[in-house]
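work_1.pdb follows (PDB, C-alpha atoms):
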```
MODEL        1
ATOM      1  CA  MET A   1     -16.559   9.568  10.049
ATOM      2  CA  GLY A   2     -20.072   9.912  11.380
ATOM      3  CA  SER A   3     -22.891   7.499  10.635
ATOM      4  CA  LEU A   4     -21.806   4.957   8.053
ATOM      5  CA  GLY A   5     -25.285   3.859   7.109
ATOM      6  CA  LEU A   6     -24.417   0.171   6.991
ATOM      7  CA  PRO A   7     -26.215  -2.530   8.988
ATOM      8  CA  ASN A   8     -24.551  -4.710  11.575
ATOM      9  CA  ALA A   9     -25.024  -8.450  11.388
ATOM     10  CA  SER A  10     -24.555 -11.390  13.719
ATOM     11  CA  SER A  11     -22.062 -14.133  12.873
ATOM     12  CA  PHE A  12     -22.963 -16.393   9.972
ATOM     13  CA  GLU A  13     -26.667 -15.614   9.825
ATOM     14  CA  GLY A  14     -26.312 -15.836   6.043
ATOM     15  CA  GLY A  15     -24.915 -19.363   5.917
ATOM     16  CA  SER A  16     -21.953 -21.521   6.860
ATOM     17  CA  GLU A  17     -18.322 -20.655   7.473
ATOM     18  CA  THR A  18     -17.396 -23.240   4.831
ATOM     19  CA  PHE A  19     -19.387 -21.358   2.206
ATOM     20  CA  LEU A  20     -17.719 -18.064   3.146
ATOM     21  CA  ARG A  21     -14.267 -19.621   2.856
ATOM     22  CA  ASN A  22     -15.181 -21.082  -0.546
ATOM     23  CA  VAL A  23     -16.192 -17.616  -1.758
ATOM     24  CA  PHE A  24     -12.803 -16.279  -0.698
ATOM     25  CA  GLU A  25     -11.057 -19.205  -2.404
ATOM     26  CA  ASN A  26     -12.752 -18.373  -5.690
ATOM     27  CA  ILE A  27     -11.991 -14.666  -5.384
ATOM     28  CA  LEU A  28      -8.343 -15.621  -4.821
ATOM     29  CA  LYS A  29      -8.278 -18.026  -7.792
ATOM     30  CA  THR A  30      -9.653 -15.320 -10.074
ATOM     31  CA  TYR A  31      -7.110 -12.783  -8.818
ATOM     32  CA  LEU A  32      -4.189 -15.197  -9.359
ATOM     33  CA  ARG A  33      -5.446 -16.182 -12.806
ATOM     34  CA  LYS A  34      -5.622 -12.562 -13.907
ATOM     35  CA  ASN A  35      -2.280 -11.459 -12.395
ATOM     36  CA  PRO A  36       0.659 -13.695 -13.369
ATOM     37  CA  THR A  37       3.314 -11.690 -11.476
ATOM     38  CA  ALA A  38       1.267 -11.680  -8.272
ATOM     39  CA  LYS A  39       0.785 -15.424  -8.706
ATOM     40  CA  THR A  40       4.539 -15.909  -9.105
ATOM     41  CA  ILE A  41       5.206 -14.004  -5.860
ATOM     42  CA  TRP A  42       2.406 -15.917  -4.114
ATOM     43  CA  GLU A  43       3.987 -19.222  -5.162
ATOM     44  CA  LEU A  44       7.542 -18.135  -4.337
ATOM     45  CA  VAL A  45       6.635 -17.159  -0.786
ATOM     46  CA  GLN A  46       5.239 -20.623  -0.125
ATOM     47  CA  SER A  47       8.212 -22.357  -1.742
ATOM     48  CA  VAL A  48      10.763 -20.828   0.648
ATOM     49  CA  ASP A  49      11.079 -23.011   3.780
ATOM     50  CA  ASN A  50       7.708 -24.550   2.867
ATOM     51  CA  GLU A  51       6.122 -21.414   4.353
ATOM     52  CA  LYS A  52       2.452 -21.527   5.342
ATOM     53  CA  ILE A  53       0.670 -18.290   4.501
ATOM     54  CA  CYS A  54      -2.127 -16.305   6.109
ATOM     55  CA  TYR A  55      -3.791 -13.195   4.747
ATOM     56  CA  ASP A  56      -4.019  -9.797   6.394
ATOM     57  CA  HIS A  57      -6.564  -8.243   4.048
ATOM     58  CA  PHE A  58      -8.295  -8.442   0.665
ATOM     59  CA  THR A  59      -8.986  -5.130  -1.072
ATOM     60  CA  PHE A  60     -11.597  -4.099  -3.642
ATOM     61  CA  ARG A  61     -12.638  -0.939  -5.515
ATOM     62  CA  THR A  62     -16.187   0.165  -6.283
ATOM     63  CA  PHE A  63     -18.143   3.165  -7.578
ATOM     64  CA  LYS A  64     -20.352   5.079  -5.168
ATOM     65  CA  VAL A  65     -23.317   5.350  -7.522
ATOM     66  CA  ASP A  66     -26.617   3.521  -8.077
ATOM     67  CA  GLY A  67     -26.014   0.772  -5.503
ATOM     68  CA  TYR A  68     -22.495  -0.057  -6.730
ATOM     69  CA  GLY A  69     -20.560   1.334  -3.749
ATOM     70  CA  ILE A  70     -19.065  -0.224  -0.645
ATOM     71  CA  GLU A  71     -22.335  -1.763   0.493
ATOM     72  CA  SER A  72     -22.716  -3.743  -2.745
ATOM     73  CA  LEU A  73     -19.862  -5.953  -1.503
ATOM     74  CA  SER A  74     -19.927  -5.454   2.264
ATOM     75  CA  SER A  75     -23.562  -6.503   2.786
ATOM     76  CA  PHE A  76     -22.755 -10.097   1.811
ATOM     77  CA  PHE A  77     -19.760 -10.344   4.142
ATOM     78  CA  MET A  78     -21.561  -8.650   7.021
ATOM     79  CA  ASP A  79     -24.134 -11.429   6.819
ATOM     80  CA  TYR A  80     -21.244 -13.713   7.761
ATOM     81  CA  GLY A  81     -20.142 -11.722  10.770
ATOM     82  CA  TYR A  82     -17.839  -9.082   9.317
ATOM     83  CA  THR A  83     -18.097  -5.759  11.155
ATOM     84  CA  ILE A  84     -16.950  -2.241  10.308
ATOM     85  CA  GLY A  85     -13.500  -1.614  11.742
ATOM     86  CA  GLY A  86     -12.985   1.935  10.552
ATOM     87  CA  GLY A  87     -12.695   4.214   7.586
ATOM     88  CA  LEU A  88     -10.365   6.520   5.694
ATOM     89  CA  ASP A  89     -11.142   9.449   3.410
ATOM     90  CA  PHE A  90      -8.968  10.570   0.510
ATOM     91  CA  PRO A  91     -10.425  13.898  -0.711
ATOM     92  CA  LYS A  92      -7.743  14.459  -3.350
ATOM     93  CA  LYS A  93      -8.550  11.065  -4.853
ATOM     94  CA  ASN A  94     -12.348  11.467  -4.512
ATOM     95  CA  LEU A  95     -12.206   8.222  -2.573
ATOM     96  CA  ARG A  96     -13.633   6.762   0.615
ATOM     97  CA  VAL A  97     -12.499   3.488   2.196
ATOM     98  CA  LEU A  98     -14.020   1.272   4.862
ATOM     99  CA  TRP A  99     -12.267  -1.710   6.351
ATOM    100  CA  PHE A 100     -14.034  -4.641   7.982
ATOM    101  CA  SER A 101     -12.920  -6.976  10.766
ATOM    102  CA  PRO A 102     -13.548 -10.705  10.251
ATOM    103  CA  PRO A 103     -15.770 -12.754  12.555
ATOM    104  CA  ASP A 104     -14.150 -14.612  15.412
ATOM    105  CA  VAL A 105     -13.626 -18.147  14.117
ATOM    106  CA  HIS A 106     -11.702 -21.089  15.496
ATOM    107  CA  VAL A 107      -8.265 -21.381  13.901
ATOM    108  CA  PRO A 108      -6.108 -24.470  14.619
ATOM    109  CA  ASN A 109      -2.542 -23.820  15.781
ATOM    110  CA  ASP A 110      -1.291 -24.813  12.340
ATOM    111  CA  GLY A 111      -4.225 -23.218  10.510
ATOM    112  CA  HIS A 112      -3.211 -21.348   7.360
ATOM    113  CA  GLY A 113      -4.456 -20.195   3.974
ATOM    114  CA  LEU A 114      -8.163 -19.752   3.368
ATOM    115  CA  ALA A 115      -9.138 -23.328   4.198
ATOM    116  CA  ASN A 116      -8.586 -23.161   7.958
ATOM    117  CA  GLY A 117      -6.493 -20.058   8.630
ATOM    118  CA  PRO A 118      -7.606 -16.671   9.971
ATOM    119  CA  LEU A 119     -10.124 -14.915   7.768
ATOM    120  CA  PRO A 120      -8.740 -11.777   6.115
ATOM    121  CA  ARG A 121      -9.819  -8.237   6.896
ATOM    122  CA  LEU A 122     -11.709  -6.634   4.024
ATOM    123  CA  VAL A 123     -10.838  -3.222   2.631
ATOM    124  CA  ILE A 124     -13.433  -1.771   0.249
ATOM    125  CA  ALA A 125     -12.959   1.551  -1.507
ATOM    126  CA  GLU A 126     -15.515   3.576  -3.395
ATOM    127  CA  ILE A 127     -14.857   6.329  -5.917
ATOM    128  CA  ILE A 128     -17.256   9.159  -5.080
ATOM    129  CA  VAL A 129     -18.634   9.658  -8.570
ATOM    130  CA  ASP A 130     -20.642  12.788  -7.746
ATOM    131  CA  GLU A 131     -17.392  14.595  -6.918
ATOM    132  CA  LEU A 132     -15.938  13.990 -10.385
ATOM    133  CA  SER A 133     -16.474  16.252 -13.383
ATOM    134  CA  LEU A 134     -19.749  15.973 -15.259
ATOM    135  CA  GLU A 135     -17.891  14.418 -18.184
ATOM    136  CA  SER A 136     -16.386  11.681 -16.008
ATOM    137  CA  GLN A 137     -19.713  11.101 -14.264
ATOM    138  CA  GLY A 138     -21.358  10.660 -17.651
ATOM    139  CA  ILE A 139     -18.802   8.075 -18.761
ATOM    140  CA  ILE A 140     -19.233   6.003 -15.587
ATOM    141  CA  ARG A 141     -23.025   6.212 -15.476
ATOM    142  CA  LYS A 142     -23.235   5.200 -19.134
ATOM    143  CA  TYR A 143     -21.929   1.744 -18.214
ATOM    144  CA  LEU A 144     -23.528   1.114 -14.823
ATOM    145  CA  LYS A 145     -27.048  -0.281 -14.993
ATOM    146  CA  PRO A 146     -29.616   0.072 -12.178
ATOM    147  CA  GLU A 147     -29.492  -2.765  -9.620
ATOM    148  CA  GLY A 148     -26.360  -4.266 -11.182
ATOM    149  CA  GLY A 149     -24.387  -3.886  -7.960
ATOM    150  CA  LYS A 150     -26.373  -6.745  -6.449
ATOM    151  CA  GLN A 151     -24.103  -9.084  -8.423
ATOM    152  CA  ALA A 152     -20.898  -7.706  -6.867
ATOM    153  CA  VAL A 153     -19.758 -10.852  -5.054
ATOM    154  CA  LEU A 154     -20.528 -13.047  -8.062
ATOM    155  CA  SER A 155     -18.541 -10.650 -10.229
ATOM    156  CA  SER A 156     -15.574 -10.907  -7.836
ATOM    157  CA  THR A 157     -15.571 -14.698  -7.899
ATOM    158  CA  LEU A 158     -15.897 -14.922 -11.698
ATOM    159  CA  GLY A 159     -13.656 -11.997 -12.579
ATOM    160  CA  SER A 160     -16.242 -10.771 -15.063
ATOM    161  CA  LEU A 161     -17.529  -7.236 -15.444
ATOM    162  CA  ILE A 162     -21.163  -6.629 -14.529
ATOM    163  CA  TRP A 163     -21.301  -3.821 -17.098
ATOM    164  CA  GLU A 164     -20.214  -3.775 -20.729
ATOM    165  CA  LYS A 165     -16.497  -3.493 -21.406
ATOM    166  CA  PRO A 166     -15.613   0.191 -21.890
ATOM    167  CA  THR A 167     -14.148   1.695 -25.027
ATOM    168  CA  TRP A 168     -10.539   2.843 -25.056
ATOM    169  CA  THR A 169     -11.780   6.362 -25.767
ATOM    170  CA  ASP A 170     -13.899   6.425 -22.600
ATOM    171  CA  PHE A 171     -11.218   4.725 -20.509
ATOM    172  CA  LYS A 172      -8.514   7.151 -21.627
ATOM    173  CA  GLN A 173     -10.715  10.192 -21.027
ATOM    174  CA  LEU A 174     -11.708   9.004 -17.538
ATOM    175  CA  ALA A 175      -8.091   8.268 -16.646
ATOM    176  CA  LYS A 176      -7.156  11.901 -17.278
ATOM    177  CA  GLU A 177      -9.156  12.858 -14.200
ATOM    178  CA  SER A 178      -9.070   9.699 -12.088
ATOM    179  CA  GLU A 179      -6.825   6.718 -12.693
ATOM    180  CA  LEU A 180      -8.616   4.946  -9.829
ATOM    181  CA  ALA A 181     -11.962   5.357 -11.586
ATOM    182  CA  ALA A 182     -10.533   4.198 -14.929
ATOM    183  CA  TRP A 183      -8.951   1.155 -13.253
ATOM    184  CA  THR A 184     -12.297   0.267 -11.670
ATOM    185  CA  LEU A 185     -14.208   0.726 -14.930
ATOM    186  CA  ILE A 186     -12.072  -1.874 -16.724
ATOM    187  CA  HIS A 187     -11.400  -4.297 -13.824
ATOM    188  CA  GLY A 188     -14.654  -3.995 -11.879
ATOM    189  CA  TYR A 189     -14.960  -6.080  -8.709
ATOM    190  CA  THR A 190     -11.880  -8.213  -9.363
ATOM    191  CA  MET A 191      -9.757  -8.079  -6.216
ATOM    192  CA  ASN A 192      -7.448  -5.062  -6.353
ATOM    193  CA  HIS A 193      -4.821  -6.710  -4.151
ATOM    194  CA  LEU A 194      -4.262  -9.138  -1.325
ATOM    195  CA  ALA A 195      -1.909  -8.637   1.586
ATOM    196  CA  PHE A 196       0.002 -11.397   3.343
ATOM    197  CA  ALA A 197       0.121 -11.303   7.152
ATOM    198  CA  VAL A 198       3.903 -11.219   7.579
ATOM    199  CA  HIS A 199       3.601 -11.479  11.361
ATOM    200  CA  ARG A 200       2.082 -14.944  10.897
ATOM    201  CA  PHE A 201       4.973 -16.308   8.849
ATOM    202  CA  LYS A 202       7.116 -18.827  10.713
ATOM    203  CA  HIS A 203      10.438 -18.763   8.888
ATOM    204  CA  ARG A 204      12.652 -16.406   6.864
ATOM    205  CA  PHE A 205       9.850 -14.045   5.900
ATOM    206  CA  SER A 206       8.640 -13.339   9.430
ATOM    207  CA  GLU A 207      10.408  -9.960   9.181
ATOM    208  CA  ILE A 208       9.183  -7.672   6.415
ATOM    209  CA  LYS A 209      12.701  -6.394   5.700
ATOM    210  CA  CYS A 210      13.670  -9.945   4.723
ATOM    211  CA  VAL A 211      10.676 -10.078   2.363
ATOM    212  CA  LYS A 212      11.769  -6.767   0.817
ATOM    213  CA  GLU A 213      15.340  -7.964   0.286
ATOM    214  CA  TYR A 214      14.208 -11.267  -1.199
ATOM    215  CA  LEU A 215      11.826  -9.676  -3.695
ATOM    216  CA  GLU A 216      14.449  -7.124  -4.741
ATOM    217  CA  GLU A 217      17.008  -9.910  -5.225
ATOM    218  CA  LYS A 218      14.517 -11.707  -7.472
ATOM    219  CA  GLY A 219      14.061  -8.563  -9.574
ATOM    220  CA  PHE A 220      10.489  -7.644  -8.612
ATOM    221  CA  LYS A 221       9.667  -3.933  -8.811
ATOM    222  CA  LEU A 222       8.376  -2.621  -5.496
ATOM    223  CA  ASN A 223       6.266   0.485  -4.945
ATOM    224  CA  THR A 224       8.681   3.303  -4.094
ATOM    225  CA  ASP A 225       6.016   5.944  -3.426
ATOM    226  CA  GLY A 226       6.718   7.307   0.063
ATOM    227  CA  GLU A 227       9.648   4.872   0.418
ATOM    228  CA  ILE A 228       9.521   1.145  -0.311
ATOM    229  CA  LEU A 229       8.919   0.207   3.333
ATOM    230  CA  LYS A 230       5.925   2.180   4.544
ATOM    231  CA  VAL A 231       5.883   2.626   8.334
ATOM    232  CA  SER A 232       2.969   3.982  10.365
ATOM    233  CA  GLU A 233       3.501   6.970  12.628
ATOM    234  CA  ASP A 234       3.584   4.727  15.706
ATOM    235  CA  GLY A 235       6.028   2.357  14.003
ATOM    236  CA  LEU A 236       3.789  -0.666  14.529
ATOM    237  CA  LEU A 237       2.336  -1.131  11.016
ATOM    238  CA  LEU A 238       4.798  -1.998   8.233
ATOM    239  CA  GLN A 239       3.835  -2.429   4.571
ATOM    240  CA  ILE A 240       5.446  -3.048   1.203
ATOM    241  CA  SER A 241       3.745  -3.671  -2.130
ATOM    242  CA  SER A 242       4.663  -4.541  -5.676
ATOM    243  CA  PHE A 243       3.795  -2.319  -8.601
ATOM    244  CA  SER A 244       0.912  -3.675 -10.644
ATOM    245  CA  GLU A 245       2.083  -5.462 -13.726
ATOM    246  CA  LYS A 246       0.919  -4.130 -17.078
ATOM    247  CA  LEU A 247      -1.304  -6.442 -19.108
ATOM    248  CA  ALA A 248      -2.693  -6.091 -22.622
ATOM    249  CA  VAL A 249      -6.457  -5.493 -22.658
ATOM    250  CA  GLU A 250      -8.745  -5.315 -25.678
ATOM    251  CA  PHE A 251     -11.337  -2.570 -25.302
ATOM    252  CA  ALA A 252     -14.849  -2.504 -26.726
ATOM    253  CA  ASP A 253     -13.814  -0.385 -29.726
ATOM    254  CA  GLY A 254     -11.197  -2.950 -30.781
ATOM    255  CA  VAL A 255      -8.191  -1.087 -29.399
ATOM    256  CA  THR A 256      -5.669  -3.179 -27.438
ATOM    257  CA  GLU A 257      -3.607  -1.299 -24.867
ATOM    258  CA  THR A 258      -1.376  -2.247 -21.938
ATOM    259  CA  ILE A 259      -2.769  -1.099 -18.581
ATOM    260  CA  PRO A 260      -2.123  -1.802 -14.867
ATOM    261  CA  ALA A 261      -3.694  -4.934 -13.391
ATOM    262  CA  SER A 262      -3.571  -5.841  -9.676
ATOM    263  CA  TYR A 263      -0.663  -6.019  -7.229
ATOM    264  CA  ILE A 264       0.350  -7.831  -4.050
ATOM    265  CA  GLU A 265       1.192  -6.498  -0.582
ATOM    266  CA  PHE A 266       2.948  -7.645   2.589
ATOM    267  CA  THR A 267       1.756  -6.299   5.950
ATOM    268  CA  GLN A 268       3.416  -6.742   9.322
ATOM    269  CA  ARG A 269       1.525  -5.789  12.477
ATOM    270  CA  LEU A 270       3.766  -5.473  15.522
ATOM    271  CA  ILE A 271       2.756  -6.255  19.086
ATOM    272  CA  LEU A 272       1.184  -3.376  20.991
ATOM    273  CA  PRO A 273       3.428  -1.950  23.744
ATOM    274  CA  GLU A 274       1.156  -3.071  26.549
ATOM    275  CA  PHE A 275       1.542  -6.711  25.436
ATOM    276  CA  LYS A 276       5.268  -6.724  24.602
ATOM    277  CA  ASP A 277       6.152  -8.919  27.594
ATOM    278  CA  MET A 278       3.597 -11.626  26.837
ATOM    279  CA  PRO A 279       4.958 -15.057  25.831
ATOM    280  CA  HIS A 280       5.122 -15.169  22.049
ATOM    281  CA  ASP A 281       3.013 -18.314  21.786
ATOM    282  CA  GLU A 282       0.167 -16.527  23.578
ATOM    283  CA  ILE A 283       0.055 -13.538  21.216
ATOM    284  CA  LYS A 284      -3.192 -13.247  19.263
ATOM    285  CA  GLU A 285      -4.184 -10.893  16.458
ATOM    286  CA  TYR A 286      -5.898  -8.511  18.890
ATOM    287  CA  HIS A 287      -2.596  -8.050  20.731
ATOM    288  CA  ARG A 288      -1.149  -6.468  17.588
ATOM    289  CA  ARG A 289      -1.516  -3.104  15.868
ATOM    290  CA  ASP A 290      -4.904  -3.022  14.141
ATOM    291  CA  ALA A 291      -6.461  -0.723  11.536
ATOM    292  CA  PHE A 292      -4.737   1.147   8.716
ATOM    293  CA  GLU A 293      -2.994   4.501   8.354
ATOM    294  CA  LEU A 294      -4.036   7.236   5.935
ATOM    295  CA  ASP A 295      -0.590   8.246   4.701
ATOM    296  CA  ALA A 296       0.657   4.706   4.127
ATOM    297  CA  ALA A 297      -2.596   3.653   2.454
ATOM    298  CA  ASN A 298      -2.369   6.653   0.141
ATOM    299  CA  HIS A 299       1.110   5.558  -0.958
ATOM    300  CA  VAL A 300       0.164   1.873  -1.325
ATOM    301  CA  MET A 301      -2.690   2.822  -3.681
ATOM    302  CA  GLU A 302      -0.101   4.233  -6.072
ATOM    303  CA  SER A 303       0.802   0.620  -6.901
ATOM    304  CA  THR A 304      -1.706   0.810  -9.761
ATOM    305  CA  ARG A 305      -0.622   4.187 -11.111
ATOM    306  CA  PHE A 306      -0.481   4.212 -14.876
ATOM    307  CA  ASN A 307       3.000   5.697 -15.240
ATOM    308  CA  ALA A 308       4.755   3.332 -12.819
ATOM    309  CA  GLN A 309       8.076   2.053 -14.130
ATOM    310  CA  VAL A 310       7.615  -1.709 -14.159
TER     311      VAL A 310
ENDMDL
END
```
Exercise: express the given structure as structure tokens:
Amino acid sequence: MGSLGLPNASSFEGGSETFLRNVFENILKTYLRKNPTAKTIWELVQSVDNEKICYDHFTFRTFKVDGYGIESLSSFFMDYGYTIGGGLDFPKKNLRVLWFSPPDVHVPNDGHGLANGPLPRLVIAEIIVDELSLESQGIIRKYLKPEGGKQAVLSSTLGSLIWEKPTWTDFKQLAKESELAAWTLIHGYTMNHLAFAVHRFKHRFSEIKCVKEYLEEKGFKLNTDGEILKVSEDGLLLQISSFSEKLAVEFADGVTETIPASYIEFTQRLILPEFKDMPHDEIKEYHRRDAFELDAANHVMESTRFNAQV
């Protein structure tokens, strides 16, 4: 992807690991508060066999304009040792994505959740505003104020928009060209979705096909775009996601409409071929398939499409 223009940072030069984990905890609490169906799935997973969960990645959406893009969120996390893992470009969606690897931290054998489990990867997308129509650019720029992106992490933890709530008229017009941009205008830096690390589950859900069957039995609607179970070309990255639930939102002009919120994902990373004969209790995250795949990611993003049958 060429030069990414983002600084590298040494581990935790910005503060303590405890503080970083607390930030993630508050981002998670906000996400669960705003997305009742995702919260139900999150609770169900832990209730089966008293499962202990770990997270594969947390995902966010931003606007690439006036300091609101990827760096508005990534700079904070890079101060705590996150490093750029790679990137994906989606020209048809006017979207660019970078994903970030977490710092190497000590995780106890029974470590789980955000308190003492592995830190999640970060996936941060930015809508490339300059590639949208002049009308859509005007709508977005009308709401974004100079320097506002500096409050990105605070916005994520609080679940509050940095900019003024948009009108239904503006939202609807923007959605005609880019549903991703319209979603971001109304939801801001609230986490778009989290993904469980299925390969870290210990019991029934340690195989993603079992997760799929369980969720279908419980009546949850799963993203069928490109098949329900999305498999990477090498067969080592497996993903499923729910469709975003629809929630009623009151817009600035007094109109209340039902729109997509956030969703939840399950990711299973299989062991790389060169490590397949290692004892299972010696397998670490770096022995497994890393990164993301363009085609699968493109399909997973459709979880927030406006016309999904939920």
For the file shown, what are the residues hit by the PyMOL selection byres ((chain A and resi 165-171) around 12), laid out as a compact mmCIF listing (two decimals) with C-alpha atoms, keeping the file's coordinate frame?
```txt
# COMPACT_ATOMS: atom_id res chain seq x y z
CA GLU A 135 -17.89 14.42 -18.18
CA SER A 136 -16.39 11.68 -16.01
CA GLN A 137 -19.71 11.10 -14.26
CA GLY A 138 -21.36 10.66 -17.65
CA ILE A 139 -18.80 8.07 -18.76
CA ILE A 140 -19.23 6.00 -15.59
CA ARG A 141 -23.02 6.21 -15.48
CA LYS A 142 -23.24 5.20 -19.13
CA TYR A 143 -21.93 1.74 -18.21
CA LEU A 144 -23.53 1.11 -14.82
CA SER A 160 -16.24 -10.77 -15.06
CA LEU A 161 -17.53 -7.24 -15.44
CA ILE A 162 -21.16 -6.63 -14.53
CA TRP A 163 -21.30 -3.82 -17.10
CA GLU A 164 -20.21 -3.78 -20.73
CA LYS A 172 -8.51 7.15 -21.63
CA GLN A 173 -10.72 10.19 -21.03
CA LEU A 174 -11.71 9.00 -17.54
CA ALA A 175 -8.09 8.27 -16.65
CA LYS A 176 -7.16 11.90 -17.28
CA GLU A 177 -9.16 12.86 -14.20
CA SER A 178 -9.07 9.70 -12.09
CA GLU A 179 -6.82 6.72 -12.69
CA LEU A 180 -8.62 4.95 -9.83
CA ALA A 181 -11.96 5.36 -11.59
CA ALA A 182 -10.53 4.20 -14.93
CA TRP A 183 -8.95 1.16 -13.25
CA THR A 184 -12.30 0.27 -11.67
CA LEU A 185 -14.21 0.73 -14.93
CA ILE A 186 -12.07 -1.87 -16.72
CA HIS A 187 -11.40 -4.30 -13.82
CA GLY A 188 -14.65 -4.00 -11.88
CA VAL A 249 -6.46 -5.49 -22.66
CA GLU A 250 -8.74 -5.32 -25.68
CA PHE A 251 -11.34 -2.57 -25.30
CA ALA A 252 -14.85 -2.50 -26.73
CA ASP A 253 -13.81 -0.38 -29.73
CA GLY A 254 -11.20 -2.95 -30.78
CA VAL A 255 -8.19 -1.09 -29.40
CA THR A 256 -5.67 -3.18 -27.44
CA GLU A 257 -3.61 -1.30 -24.87
CA THR A 258 -1.38 -2.25 -21.94
CA ILE A 259 -2.77 -1.10 -18.58
```
Compare A:Ser101, A:Asp49, A:Val123, A:Tyr68 by their minimum atom-to-atom distance to A:Lys145, counting only C-alpha atoms, and give me the closest one.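 Looking only at the distances to A:Lys145, the closest residue turns out to be A:Tyr68.
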Using all atoms listed in the file, which of A:Thr59, A:Gln151, A:Thr190, A:Thr224 sits nearest A:Lys29?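 Closest candidate: A:Thr190.
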So which residues get picked by the PyMOL selection byres ((chain A and resi 102) around 6) here, written as a VMD selection string? chain A and resid 82 101 103 119 121
Can you spell out as a CSV table (one decimal) with C-alpha atoms, in the frame of the given file the set of residues that the PyMOL selection byres ((chain A and resi 126) around 12) selects in the structure I just provided?
```csv
chain,number,residue,atom,x,y,z
A,59,THR,CA,-9.0,-5.1,-1.1
A,60,PHE,CA,-11.6,-4.1,-3.6
A,61,ARG,CA,-12.6,-0.9,-5.5
A,62,THR,CA,-16.2,0.2,-6.3
A,63,PHE,CA,-18.1,3.2,-7.6
A,64,LYS,CA,-20.4,5.1,-5.2
A,65,VAL,CA,-23.3,5.4,-7.5
A,67,GLY,CA,-26.0,0.8,-5.5
A,68,TYR,CA,-22.5,-0.1,-6.7
A,69,GLY,CA,-20.6,1.3,-3.7
A,70,ILE,CA,-19.1,-0.2,-0.6
A,71,GLU,CA,-22.3,-1.8,0.5
A,72,SER,CA,-22.7,-3.7,-2.7
A,73,LEU,CA,-19.9,-6.0,-1.5
A,74,SER,CA,-19.9,-5.5,2.3
A,87,GLY,CA,-12.7,4.2,7.6
A,88,LEU,CA,-10.4,6.5,5.7
A,89,ASP,CA,-11.1,9.4,3.4
A,90,PHE,CA,-9.0,10.6,0.5
A,91,PRO,CA,-10.4,13.9,-0.7
A,93,LYS,CA,-8.6,11.1,-4.9
A,94,ASN,CA,-12.3,11.5,-4.5
A,95,LEU,CA,-12.2,8.2,-2.6
A,96,ARG,CA,-13.6,6.8,0.6
A,97,VAL,CA,-12.5,3.5,2.2
A,98,LEU,CA,-14.0,1.3,4.9
A,99,TRP,CA,-12.3,-1.7,6.4
A,123,VAL,CA,-10.8,-3.2,2.6
A,124,ILE,CA,-13.4,-1.8,0.2
A,125,ALA,CA,-13.0,1.6,-1.5
A,127,ILE,CA,-14.9,6.3,-5.9
A,128,ILE,CA,-17.3,9.2,-5.1
A,129,VAL,CA,-18.6,9.7,-8.6
A,130,ASP,CA,-20.6,12.8,-7.7
A,131,GLU,CA,-17.4,14.6,-6.9
A,180,LEU,CA,-8.6,4.9,-9.8
A,181,ALA,CA,-12.0,5.4,-11.6
A,184,THR,CA,-12.3,0.3,-11.7
A,185,LEU,CA,-14.2,0.7,-14.9
A,188,GLY,CA,-14.7,-4.0,-11.9
A,189,TYR,CA,-15.0,-6.1,-8.7
```
Would you mind reading off the distance between atom CA of A:Pro120 and atom CA of A:Arg21, one decimal, in Å?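 Distance between the two atoms: 10.1 Å.
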Might you pull out every residue within 9 Å of stretch 201-214 of chain A, with all atoms listed in the file counted and same-chain residues fewer than 4 positions away left off, and present them as a PyMOL selection string? chain A and resi 45+48-54+196-197+218-219+222+228-229+238-240+266-268
Proximity to A:Val153 - best of A:Leu294, A:Ala115, A:Met191, A:Val105, only C-alpha atoms: A:Met191
Nearest to A:Leu247: which of A:Phe76, A:Glu217, A:Asn26, A:Phe306 is it, counting all atoms listed in the file? A:Phe306
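Closest approach to A:Ala152 among A:Ile27, A:Leu237, A:Leu114, A:Val107 is made by A:Ile27 (distances from all atoms listed in the file).
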Using the file's own x, y and z axes, what box holds all listed atoms of stretch 50-62 of chain A with 5 Å on each side, keeping edges along x, y and z, and what are its centre and edge lengths in Å to one decimal, as lines of an AutoDock Vina configuration file?
```
center_x = -4.2
center_y = -12.2
center_z = 0.1
size_x = 33.9
size_y = 34.7
size_z = 22.7
```
Straight-line distance linking atom CA of A:Lys92 with atom CA of A:Glu233, stated in Å to one decimal: 20.9 Å
Around the point (8.0, -13.0, -14.3) in the file's coordinates, collect all residues with an atom within 10 Å, using all atoms listed in the file, and return them as a VMD selection string. chain A and resid 36 to 41 218 to 220 245
Using only C-alpha atoms, which residue out of A:Arg288, A:His106, A:Lys34, A:Arg269 lies closest to A:Ser232? A:Arg269
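Here atom CA of A:Ser244 stands at a distance of 9.2 Å from atom CA of A:Glu302.
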